[in-house]
Amino acid sequence: MGEVPPGDQPNANEDSIQVVARFRPLNDSEERAGSKFVVSFPSGKGQEEQFVSIGGKTWQFDHILKPNITQENVYNKAAKNIVKDVLNGYNGTIFAYGQTSSGKTHTMEGVMSDPNLHGIMPRIINDIFQHIYSMEENLEFHIKVSYFEIYMDKIRDLLDVTKVNLAVHEDKNRVTYVKGATERFVSSPEEVFEVIELGKSNRHIAVTNMNEHSSRSHSVFLIQVKQENMETQKKLLGKLYMVDLAGSEKVSKTGAEGTVLDEAKNINKSLSALGNVISALADGNKSHIPYRDSKLTRILQESLGGNARTTIVICCSPASYNEAETKSTLDFGKRAKTIKNVVSVNEELTAEEWKRRYEKEKEKVAKLRIQIEKMEFELNKWRAGDKVSSEDQVQLEMDASTSSSMLNASVTAPLLTTSILEGDAMEWARERERIYHQLDEKDDEIQHQSQLVEKLNEQMLEQEELIASTRRDYETLQADMARQAKENESAKEEVKEVLQALEELAVNYDQKTEEVDRRTKQHEATLDELNAKQAALHAATSELQSVREAQEHQKRRITEMFVAMLKELNEIGAIIGSSNDALKQLSENEGKAEEEFTVTRLYISKMKSEVKNLVQKVGSLDTTSGDLREQISTQEKELQECRLLVSQHEAKVRTLSQNIKDTETKKRALEEQVDCVHHKQVCCKQILQHTEQHHKQVCCKQILQHTEQHHKQLSALRDELTDKQTLISELKDENQRLTVTAEQVRADYDKLKAEVADKSQKLNELVSVQERKEQARQDLKGLEETVAKELQTLHNLRKLFVQDLQARVKKSGTGEESDEAGGSLAQKQKIQFLENNLDQLTKVHKQLVRDNADLRCELPKLEKRLRATMERVKALETALKEAKEGAMKDRKRYQQEVDRIKEAVRQKNLARRSLAAQIAKPIRAGQAPIQAVAMPMSLRGGGGGAGVYQPPSQRRTGPQ
Ligand code: ADP
Ligand code: MG
């Protein structure tokens with residue numbers, strides 16, 4: 001906006017700084033310390049209260065604001081006018097000066113949540129918007145705000161925490177501004193309050209002790225109101241600085257040390273720079289005003305002695321304890337009061353206006369040119385050594401505007417007085433300008449660097465956070481790993497145990513299989529043995545059979561022989577004594593017969609023993625069979641008894657049924673009788689009817705007797721009948737029972753019979769077995785004997801053979817003996833050697849076979865072990881694979897997490913950047929806001945947009 005420098009403005013006018021002194025009440029600690037209220041406010045009647053006196057010294061200010069004054073009155077007296085000024089295109093500044101806790105913040109901000117305790121700032125903001133709402137409709141407003149603080153001579157943006165060291169620059173009109181400060185466009189008081197809230201919260205975030213920090217830093221809130229008349233295109237710009245300064249107390253009083261002391265010095269430096277500037281301005285004739293000494297004075301350059309309506313609120317404590325400080329504060333105010341500002345409207349001129357101004361300037365230039373010519377003429381005269389009379393000397397004539405422009409120019413350029421036209425001063429000024437320029441550049445650089453540093457710091461913090469999280473992840477992973485290793489170890493142990501158990505099992509199994517083999521072998525052997533035995537038995541039985549047959553045969557022969565012998569004996573008896581030859585023959589026959597006799601005797605004795613055995617056996621079997629027979633007979637007896645009983649019972653039943661039948665017939669007879677009687681009764685009744693009168697009585701008697709008799713008989717019969725029936729039922733029951741028992745007995749009998757049959761069969765079997773055994777024994781004996789005999793014969797044969805051999809050997813020759821013996825010896829030796837070899841070989845073979853068997857035994861074990869190890873290896877491989885996969889997954893997850901965090905950080909940065917970019921929100925005058933979002937720029941007058949600030953919580957719930 002091509003504003004006009006104030007000095008060049010036709011409507012620029014001088015205006016001294018307004019100073020207001022506010023005294024707060026004694027606070028608690030002051031009262032507790034027994035401080036006295038040392039301030040008095042002398043005033044005349046009807047006079048505006050402007051005086052304050054402490055210890056006899058009096059100060060005068062534009063307004064004195066006493067301790068009991070309301071916030072509203074403070075606003076009305078100190079700041080209300082400034083709103084109009086700002087809306088009319090003037091610059092304005094309000095700042096609070098005073099020691100810590102003298103009430104600066106209370107005055108400037110007040111209590112934001114309580115509209116009654118609102119300080120100057122919220123009231124001004126509300127008022128500005130209220131004014132806008134009531135202004136003409138063809139005015140469009142652009143309102144933007146900035147908020148920053150100055151701490152240790154560094155400007156920190158409170159709306160963007162990354163901007164920590166902003167530089168102060170001058171625009172083309174030499175007006176200072178904070179370069180790069182965040183500007184927020186606002187369209188309602190609420191938005192402004194939100195910005196303030198944001199700034200305050202940012203301020204809180206950055207520091208640990210807010211009270212201390214706020215007492216050592218200056219906070220600056222800037223609101224710029226730009227308006228454009230849509231009809232005339234006239235543009236006005238009003239800037240308003242609202243500054244809450246740091247505490248003005250001396251360092252010694254706070255007892256600060258170290259960095260705190262440095263801070264205090266620095267803060268005091270900016271404040272003393274402010275004091276110096278004000279002193280310089282108050283002096284009035286100082287050529288150089290040290291605005292550049294601090295950022296604070298640079299920012300306030302326009303407000304102090306420049307183009308701004310400035311109000312300073314001097315905040316003081318009335319306590320005796322703070323007397324000295326209060327006095328110095330009041331002195332500061334007094335000095336400041338003398339400063340004169342040259343204020344003008346910041347107006348963007350239209351072409352017409354520019355033209356007019358151009359003409360004016362042209363005129364001025366022509367005038368000045370004439371003057372210069374005159375001066376040159378005079379100068380030449382002077383140089384030529386001529387004297388110029390005082391009347392001829394050129395008089396410097398300057399109108400008000402020129403003088404003011406010169407006054408203004410004095411800030412940055414050497415004063416346009418005659419003395420300053422000197423070359424040296426020009427040189428100096430240029431040099432200063434150059435240095436200032438350099439300074440600005442350096443400032444820029446510093447700002448850039450510090451911003452970079454801040455960014456890096458932020459990044460570092462993020463990185464640290466990342467590292468911490470990574471470390472945490474790493475730790476958890478390590479813990480996991482340790483756990484898994486432990487698990488692995490335990491699994492290994494388990495596997496080992498299992499392997500051991502398996503080995504044991506395998507060994508056991510081998511042992512068992514060996515045993516089984518052994519057992520099967522044994523079994524086979526026993527089976528073989530059994531078979532052999534059976535075969536032997538078979539053989540023995542067959543032999544026995546044959547022996548028996550032979551026996552039979554021999555028996556028969558013996559009997560035949562006996563018969564023959566007897567016959568022969570008879571014949572012999574007949575022949576005896578007849579011839580000697582016959583005797584001789586007989587004696588021969590006798591020898592033969594004796595032999596045969598002995599044989600038969602042997603047989604007989606054998607048979608006898610056999611028979612005896614058999615008889616014994618038969619006897620024992622007889623006794624057992626006798627026992628059994630006795631048993632059978634007793635059981636048969638019992639059975640017979642039972643049968644008898646059954647027949648008896650049957651007979652009883654029959655008689656009883658007969659009885660029943662009889663009783664039934666009797667009953668029927670009786671019933672017939674009853675019928676007869678009934679019939680008779682009926683007859684009698686009839687007769688009675690006929691012979692009613694005559695025989696009535698007799699008949700009645702007879703009938704009665706009859707009936708009585710009948711009744712008696714009937715009852716007796718009935719009793720009998722019931723008795724009989726009970727008897728019948730009883731008998732029936734008995735019969736039932738008896739039949740059941742009979743059946744039982746019969747079943748028992750059958751069982752016993754079966755048992756008997758079984759037993760007799762068993763007996764028979766036993767007998768046969770016994771017989772067989774006996775026979776076998778006998779056969780065996782016979783066999784033994786025969787074998788012995790045969791052996792004897794064999795022995796004899798051997799003996800004979802040996803004798804024969806010996807005899808033959810003796811008989812054989814003598815010459816050939818030596819040769820044969822030598823050959824046989826060699827052969828024998830050979831054979832011996834071969835045999836030895838064979839023996840060794842067989843031994844080796846046996847050993848090998850054994851080794852082979854051992855190895856075979858070992859083989860399955862080893863195979864098992866191998867398999868187990870293979871499985872373990874496999875399991876371990878899979879576990880390894882799983883672990884690797886897990887690690888990969890974890891890594892991926894971690895990577896994703898890192899990416900996510902990076903993305904989030906990027907987004908955040910983007911968001912921050914996007915926040916910085918703002919679009920102007922033009923506001924039309926005379927329009928009240930309906931809704932901030934729906935209609936952010938058009939605000940119509942008279943709409944009654946309530947511009948009173950409410951805290952965010954109330955705002956949310958309050959009526960829209
Ligand atoms: P500063 O900003 O100068 O350090 P503050 O404005 O924070 O001081 O004031 C310090 C304390 O005194 C605050 O609690 C404030 O409420 C209180 N205070 C200041 N001025 C007044 C006043 N005029 N009336 C009542 N209380 C006040
Ligand atoms: Mg404060």
# chains A, B, ... in the order shown; residues from 1 in each chain; ligands from 1
>>> residues_near_ligand(ligand="ligand 1", cutoff="6 Å", atoms="only C-alpha atoms and all ligand atoms", output="PyMOL selection string")
chain A and resi 24-25+67+99-106+215
>>> write_last_selection(atoms="all heavy atoms", output="mmCIF file, in the first residue's frame")
data_model
loop_
_atom_site.group_PDB
_atom_site.id
_atom_site.type_symbol
_atom_site.label_atom_id
_atom_site.label_comp_id
_atom_site.auth_asym_id
_atom_site.auth_seq_id
_atom_site.Cartn_x
_atom_site.Cartn_y
_atom_site.Cartn_z
ATOM 1 N N ARG A 24 -2.535 0.341 41.709
ATOM 2 C CA ARG A 24 -3.361 -0.800 42.151
ATOM 3 C C ARG A 24 -3.504 -0.742 43.663
ATOM 4 O O ARG A 24 -2.757 -0.017 44.328
ATOM 5 C CB ARG A 24 -2.725 -2.129 41.724
ATOM 6 C CG ARG A 24 -1.376 -2.432 42.352
ATOM 7 C CD ARG A 24 -1.070 -3.937 42.260
ATOM 8 N NE ARG A 24 0.308 -4.217 42.624
ATOM 9 C CZ ARG A 24 0.764 -4.268 43.854
ATOM 10 N NH1 ARG A 24 -0.045 -3.972 44.879
ATOM 11 N NH2 ARG A 24 2.027 -4.560 44.101
ATOM 12 N N PRO A 25 -4.456 -1.455 44.205
ATOM 13 C CA PRO A 25 -4.568 -1.483 45.679
ATOM 14 C C PRO A 25 -3.377 -2.234 46.265
ATOM 15 O O PRO A 25 -2.671 -2.942 45.556
ATOM 16 C CB PRO A 25 -5.856 -2.269 45.922
ATOM 17 C CG PRO A 25 -6.499 -2.455 44.598
ATOM 18 C CD PRO A 25 -5.461 -2.265 43.557
ATOM 19 N N PRO A 67 -6.713 3.271 42.776
ATOM 20 C CA PRO A 67 -6.816 1.812 43.003
ATOM 21 C C PRO A 67 -8.220 1.247 42.832
ATOM 22 O O PRO A 67 -8.369 0.102 42.424
ATOM 23 C CB PRO A 67 -6.345 1.643 44.451
ATOM 24 C CG PRO A 67 -5.473 2.814 44.710
ATOM 25 C CD PRO A 67 -6.010 3.940 43.880
ATOM 26 N N GLN A 99 6.849 -1.956 37.407
ATOM 27 C CA GLN A 99 7.593 -3.085 37.977
ATOM 28 C C GLN A 99 6.697 -4.341 37.984
ATOM 29 O O GLN A 99 5.480 -4.242 37.759
ATOM 30 C CB GLN A 99 8.082 -2.767 39.393
ATOM 31 C CG GLN A 99 6.948 -2.685 40.399
ATOM 32 C CD GLN A 99 7.467 -2.397 41.796
ATOM 33 O OE1 GLN A 99 7.201 -1.324 42.348
ATOM 34 N NE2 GLN A 99 8.199 -3.342 42.361
ATOM 35 N N THR A 100 7.308 -5.463 38.232
ATOM 36 C CA THR A 100 6.564 -6.720 38.252
ATOM 37 C C THR A 100 5.482 -6.669 39.322
ATOM 38 O O THR A 100 5.710 -6.140 40.420
ATOM 39 C CB THR A 100 7.530 -7.889 38.523
ATOM 40 O OG1 THR A 100 8.485 -7.924 37.463
ATOM 41 C CG2 THR A 100 6.796 -9.216 38.565
ATOM 42 N N SER A 101 4.344 -7.226 38.933
ATOM 43 C CA SER A 101 3.148 -7.300 39.786
ATOM 44 C C SER A 101 2.609 -5.924 40.176
ATOM 45 O O SER A 101 1.989 -5.756 41.205
ATOM 46 C CB SER A 101 3.384 -8.173 41.029
ATOM 47 O OG SER A 101 4.062 -7.458 42.018
ATOM 48 N N SER A 102 2.872 -4.950 39.288
ATOM 49 C CA SER A 102 2.291 -3.626 39.529
ATOM 50 C C SER A 102 0.941 -3.516 38.835
ATOM 51 O O SER A 102 0.237 -2.516 39.012
ATOM 52 C CB SER A 102 3.255 -2.537 39.020
ATOM 53 O OG SER A 102 3.486 -2.725 37.635
ATOM 54 N N GLY A 103 0.589 -4.532 38.044
ATOM 55 C CA GLY A 103 -0.735 -4.537 37.422
ATOM 56 C C GLY A 103 -0.712 -4.305 35.930
ATOM 57 O O GLY A 103 -1.742 -3.953 35.348
ATOM 58 N N LYS A 104 0.429 -4.565 35.279
ATOM 59 C CA LYS A 104 0.514 -4.336 33.829
ATOM 60 C C LYS A 104 -0.407 -5.289 33.073
ATOM 61 O O LYS A 104 -1.237 -4.870 32.268
ATOM 62 C CB LYS A 104 1.966 -4.539 33.332
ATOM 63 C CG LYS A 104 2.960 -3.571 33.914
ATOM 64 C CD LYS A 104 4.330 -3.753 33.335
ATOM 65 C CE LYS A 104 4.948 -5.100 33.660
ATOM 66 N NZ LYS A 104 5.226 -5.283 35.102
ATOM 67 N N THR A 105 -0.242 -6.606 33.370
ATOM 68 C CA THR A 105 -1.060 -7.601 32.674
ATOM 69 C C THR A 105 -2.525 -7.421 33.038
ATOM 70 O O THR A 105 -3.409 -7.572 32.195
ATOM 71 C CB THR A 105 -0.565 -9.018 33.023
ATOM 72 O OG1 THR A 105 0.844 -9.071 32.828
ATOM 73 C CG2 THR A 105 -1.241 -10.072 32.184
ATOM 74 N N HIS A 106 -2.746 -7.066 34.300
ATOM 75 C CA HIS A 106 -4.120 -6.821 34.741
ATOM 76 C C HIS A 106 -4.738 -5.696 33.924
ATOM 77 O O HIS A 106 -5.901 -5.756 33.528
ATOM 78 C CB HIS A 106 -4.106 -6.476 36.232
ATOM 79 C CG HIS A 106 -5.473 -6.304 36.815
ATOM 80 N ND1 HIS A 106 -6.314 -7.370 37.055
ATOM 81 C CD2 HIS A 106 -6.145 -5.180 37.193
ATOM 82 C CE1 HIS A 106 -7.444 -6.924 37.570
ATOM 83 N NE2 HIS A 106 -7.375 -5.590 37.655
ATOM 84 N N SER A 215 7.409 -11.921 33.555
ATOM 85 C CA SER A 215 7.946 -10.701 34.143
ATOM 86 C C SER A 215 9.262 -10.299 33.473
ATOM 87 O O SER A 215 9.762 -9.215 33.692
ATOM 88 C CB SER A 215 8.141 -10.873 35.647
ATOM 89 O OG SER A 215 9.253 -11.683 35.884
#
>>> select_by_dssp(residues="stretch 258-359 of chain A", states="strand (DSSP E)", output="number ranges by chain")
A: 309-316, 340-343, 347-348
>>> residues_near_ligand(ligand="ligand 2", cutoff="12 Å", atoms="only C-alpha atoms and all ligand atoms", output="PDB file with N, CA, C and O atoms, in the first residue's frame")
ATOM      1  N   PHE A  95       1.113   0.875  25.662  1.00  0.00           N
ATOM      2  CA  PHE A  95       1.912  -0.072  26.421  1.00  0.00           C
ATOM      3  C   PHE A  95       1.915   0.227  27.901  1.00  0.00           C
ATOM      4  O   PHE A  95       1.718   1.351  28.326  1.00  0.00           O
ATOM      5  N   ALA A  96       2.068  -0.886  28.632  1.00  0.00           N
ATOM      6  CA  ALA A  96       2.045  -0.782  30.093  1.00  0.00           C
ATOM      7  C   ALA A  96       3.470  -0.894  30.595  1.00  0.00           C
ATOM      8  O   ALA A  96       4.214  -1.781  30.205  1.00  0.00           O
ATOM      9  N   TYR A  97       3.813   0.053  31.457  1.00  0.00           N
ATOM     10  CA  TYR A  97       5.154   0.091  32.007  1.00  0.00           C
ATOM     11  C   TYR A  97       5.028   0.029  33.520  1.00  0.00           C
ATOM     12  O   TYR A  97       4.127   0.601  34.114  1.00  0.00           O
ATOM     13  N   GLY A  98       5.940  -0.667  34.140  1.00  0.00           N
ATOM     14  CA  GLY A  98       5.915  -0.715  35.605  1.00  0.00           C
ATOM     15  C   GLY A  98       6.664  -1.923  36.113  1.00  0.00           C
ATOM     16  O   GLY A  98       7.026  -2.813  35.328  1.00  0.00           O
ATOM     17  N   GLN A  99       6.849  -1.956  37.407  1.00  0.00           N
ATOM     18  CA  GLN A  99       7.593  -3.085  37.977  1.00  0.00           C
ATOM     19  C   GLN A  99       6.697  -4.341  37.984  1.00  0.00           C
ATOM     20  O   GLN A  99       5.480  -4.242  37.759  1.00  0.00           O
ATOM     21  N   THR A 100       7.308  -5.463  38.232  1.00  0.00           N
ATOM     22  CA  THR A 100       6.564  -6.720  38.252  1.00  0.00           C
ATOM     23  C   THR A 100       5.482  -6.669  39.322  1.00  0.00           C
ATOM     24  O   THR A 100       5.710  -6.140  40.420  1.00  0.00           O
ATOM     25  N   SER A 101       4.344  -7.226  38.933  1.00  0.00           N
ATOM     26  CA  SER A 101       3.148  -7.300  39.786  1.00  0.00           C
ATOM     27  C   SER A 101       2.609  -5.924  40.176  1.00  0.00           C
ATOM     28  O   SER A 101       1.989  -5.756  41.205  1.00  0.00           O
ATOM     29  N   SER A 102       2.872  -4.950  39.288  1.00  0.00           N
ATOM     30  CA  SER A 102       2.291  -3.626  39.529  1.00  0.00           C
ATOM     31  C   SER A 102       0.941  -3.516  38.835  1.00  0.00           C
ATOM     32  O   SER A 102       0.237  -2.516  39.012  1.00  0.00           O
ATOM     33  N   GLY A 103       0.589  -4.532  38.044  1.00  0.00           N
ATOM     34  CA  GLY A 103      -0.735  -4.537  37.422  1.00  0.00           C
ATOM     35  C   GLY A 103      -0.712  -4.305  35.930  1.00  0.00           C
ATOM     36  O   GLY A 103      -1.742  -3.953  35.348  1.00  0.00           O
ATOM     37  N   LYS A 104       0.429  -4.565  35.279  1.00  0.00           N
ATOM     38  CA  LYS A 104       0.514  -4.336  33.829  1.00  0.00           C
ATOM     39  C   LYS A 104      -0.407  -5.289  33.073  1.00  0.00           C
ATOM     40  O   LYS A 104      -1.237  -4.870  32.268  1.00  0.00           O
ATOM     41  N   THR A 105      -0.242  -6.606  33.370  1.00  0.00           N
ATOM     42  CA  THR A 105      -1.060  -7.601  32.674  1.00  0.00           C
ATOM     43  C   THR A 105      -2.525  -7.421  33.038  1.00  0.00           C
ATOM     44  O   THR A 105      -3.409  -7.572  32.195  1.00  0.00           O
ATOM     45  N   HIS A 106      -2.746  -7.066  34.300  1.00  0.00           N
ATOM     46  CA  HIS A 106      -4.120  -6.821  34.741  1.00  0.00           C
ATOM     47  C   HIS A 106      -4.738  -5.696  33.924  1.00  0.00           C
ATOM     48  O   HIS A 106      -5.901  -5.756  33.528  1.00  0.00           O
ATOM     49  N   THR A 107      -3.927  -4.691  33.650  1.00  0.00           N
ATOM     50  CA  THR A 107      -4.434  -3.549  32.899  1.00  0.00           C
ATOM     51  C   THR A 107      -4.607  -3.901  31.415  1.00  0.00           C
ATOM     52  O   THR A 107      -5.635  -3.585  30.822  1.00  0.00           O
ATOM     53  N   MET A 108      -3.612  -4.554  30.867  1.00  0.00           N
ATOM     54  CA  MET A 108      -3.649  -4.833  29.422  1.00  0.00           C
ATOM     55  C   MET A 108      -4.636  -5.951  29.074  1.00  0.00           C
ATOM     56  O   MET A 108      -5.429  -5.810  28.153  1.00  0.00           O
ATOM     57  N   GLU A 109      -4.542  -7.064  29.774  1.00  0.00           N
ATOM     58  CA  GLU A 109      -5.403  -8.215  29.443  1.00  0.00           C
ATOM     59  C   GLU A 109      -6.582  -8.352  30.387  1.00  0.00           C
ATOM     60  O   GLU A 109      -7.696  -8.625  29.970  1.00  0.00           O
ATOM     61  N   GLY A 110      -6.289  -8.175  31.672  1.00  0.00           N
ATOM     62  CA  GLY A 110      -7.323  -8.406  32.673  1.00  0.00           C
ATOM     63  C   GLY A 110      -7.610  -9.885  32.780  1.00  0.00           C
ATOM     64  O   GLY A 110      -6.771 -10.727  32.481  1.00  0.00           O
ATOM     65  N   MET A 210       6.002 -19.691  34.263  1.00  0.00           N
ATOM     66  CA  MET A 210       5.346 -18.664  33.446  1.00  0.00           C
ATOM     67  C   MET A 210       5.416 -17.282  34.103  1.00  0.00           C
ATOM     68  O   MET A 210       5.638 -16.282  33.420  1.00  0.00           O
ATOM     69  N   ASN A 211       5.234 -17.256  35.413  1.00  0.00           N
ATOM     70  CA  ASN A 211       5.226 -15.956  36.096  1.00  0.00           C
ATOM     71  C   ASN A 211       6.560 -15.257  35.897  1.00  0.00           C
ATOM     72  O   ASN A 211       6.613 -14.070  35.549  1.00  0.00           O
ATOM     73  N   GLU A 212       7.628 -16.025  36.135  1.00  0.00           N
ATOM     74  CA  GLU A 212       8.959 -15.466  36.009  1.00  0.00           C
ATOM     75  C   GLU A 212       9.201 -15.011  34.571  1.00  0.00           C
ATOM     76  O   GLU A 212       9.688 -13.918  34.314  1.00  0.00           O
ATOM     77  N   HIS A 213       8.789 -15.911  33.642  1.00  0.00           N
ATOM     78  CA  HIS A 213       9.018 -15.628  32.235  1.00  0.00           C
ATOM     79  C   HIS A 213       8.278 -14.363  31.813  1.00  0.00           C
ATOM     80  O   HIS A 213       8.830 -13.499  31.130  1.00  0.00           O
ATOM     81  N   SER A 214       7.010 -14.268  32.233  1.00  0.00           N
ATOM     82  CA  SER A 214       6.204 -13.121  31.784  1.00  0.00           C
ATOM     83  C   SER A 214       6.753 -11.821  32.377  1.00  0.00           C
ATOM     84  O   SER A 214       6.608 -10.758  31.790  1.00  0.00           O
ATOM     85  N   SER A 215       7.409 -11.921  33.555  1.00  0.00           N
ATOM     86  CA  SER A 215       7.946 -10.701  34.143  1.00  0.00           C
ATOM     87  C   SER A 215       9.262 -10.299  33.473  1.00  0.00           C
ATOM     88  O   SER A 215       9.762  -9.215  33.692  1.00  0.00           O
ATOM     89  N   ARG A 216       9.835 -11.238  32.656  1.00  0.00           N
ATOM     90  CA  ARG A 216      11.116 -10.904  32.016  1.00  0.00           C
ATOM     91  C   ARG A 216      10.986 -10.735  30.503  1.00  0.00           C
ATOM     92  O   ARG A 216      11.966 -10.555  29.807  1.00  0.00           O
ATOM     93  N   SER A 217       9.788 -10.905  29.989  1.00  0.00           N
ATOM     94  CA  SER A 217       9.633 -10.773  28.539  1.00  0.00           C
ATOM     95  C   SER A 217       8.547  -9.753  28.224  1.00  0.00           C
ATOM     96  O   SER A 217       7.638  -9.537  29.011  1.00  0.00           O
ATOM     97  N   HIS A 218       8.692  -9.181  27.044  1.00  0.00           N
ATOM     98  CA  HIS A 218       7.684  -8.230  26.585  1.00  0.00           C
ATOM     99  C   HIS A 218       6.777  -8.962  25.615  1.00  0.00           C
ATOM    100  O   HIS A 218       7.260  -9.657  24.726  1.00  0.00           O
ATOM    101  N   SER A 219       5.471  -8.817  25.831  1.00  0.00           N
ATOM    102  CA  SER A 219       4.576  -9.441  24.855  1.00  0.00           C
ATOM    103  C   SER A 219       3.923  -8.351  24.023  1.00  0.00           C
ATOM    104  O   SER A 219       3.507  -7.314  24.547  1.00  0.00           O
ATOM    105  N   VAL A 243       1.244  -3.536  24.037  1.00  0.00           N
ATOM    106  CA  VAL A 243       2.473  -4.126  24.580  1.00  0.00           C
ATOM    107  C   VAL A 243       2.384  -4.243  26.099  1.00  0.00           C
ATOM    108  O   VAL A 243       2.019  -3.289  26.784  1.00  0.00           O
ATOM    109  N   ASP A 244       2.671  -5.457  26.558  1.00  0.00           N
ATOM    110  CA  ASP A 244       2.766  -5.679  28.001  1.00  0.00           C
ATOM    111  C   ASP A 244       4.254  -5.831  28.281  1.00  0.00           C
ATOM    112  O   ASP A 244       4.860  -6.862  27.987  1.00  0.00           O
ATOM    113  N   LEU A 245       4.852  -4.801  28.832  1.00  0.00           N
ATOM    114  CA  LEU A 245       6.311  -4.805  28.992  1.00  0.00           C
ATOM    115  C   LEU A 245       6.756  -5.684  30.156  1.00  0.00           C
ATOM    116  O   LEU A 245       5.952  -6.032  31.029  1.00  0.00           O
ATOM    117  N   ALA A 246       8.042  -5.982  30.135  1.00  0.00           N
ATOM    118  CA  ALA A 246       8.606  -6.744  31.246  1.00  0.00           C
ATOM    119  C   ALA A 246       8.704  -5.835  32.464  1.00  0.00           C
ATOM    120  O   ALA A 246       8.593  -4.608  32.356  1.00  0.00           O
ATOM    121  N   GLY A 247       8.907  -6.471  33.612  1.00  0.00           N
ATOM    122  CA  GLY A 247       9.003  -5.688  34.855  1.00  0.00           C
ATOM    123  C   GLY A 247      10.158  -4.700  34.786  1.00  0.00           C
ATOM    124  O   GLY A 247      11.250  -5.038  34.359  1.00  0.00           O
ATOM    125  N   SER A 248       9.887  -3.469  35.257  1.00  0.00           N
ATOM    126  CA  SER A 248      10.898  -2.426  35.102  1.00  0.00           C
ATOM    127  C   SER A 248      11.838  -2.347  36.298  1.00  0.00           C
ATOM    128  O   SER A 248      12.695  -1.480  36.352  1.00  0.00           O
ATOM    129  N   CYS A 315       2.080   1.671  35.484  1.00  0.00           N
ATOM    130  CA  CYS A 315       1.468   0.884  36.550  1.00  0.00           C
ATOM    131  C   CYS A 315       2.353   0.961  37.792  1.00  0.00           C
ATOM    132  O   CYS A 315       3.566   0.724  37.713  1.00  0.00           O
TER     133      CYS A 315
END
>>> closest_residue(among="A:Val495, A:Ile17, A:Ala501, A:Val220", to="A:Val343", atoms="only C-alpha atoms")
A:Ile17
>>> select_by_dssp(residues="stretch 308-491 of chain A", states="alpha helix (DSSP H)", output="PyMOL selection string")
chain A and resi 323-337+351-383+400-409+423-491
>>> closest_residue(among="A:Thr326, A:Ser188, A:Thr58, A:Thr722", to="A:Glu664", atoms="only C-alpha atoms")
A:Thr722
>>> residues_around(residues="A:Thr739", least_positions_apart="6", cutoff="10 Å", atoms="only C-alpha atoms", output="count of residues only")
5
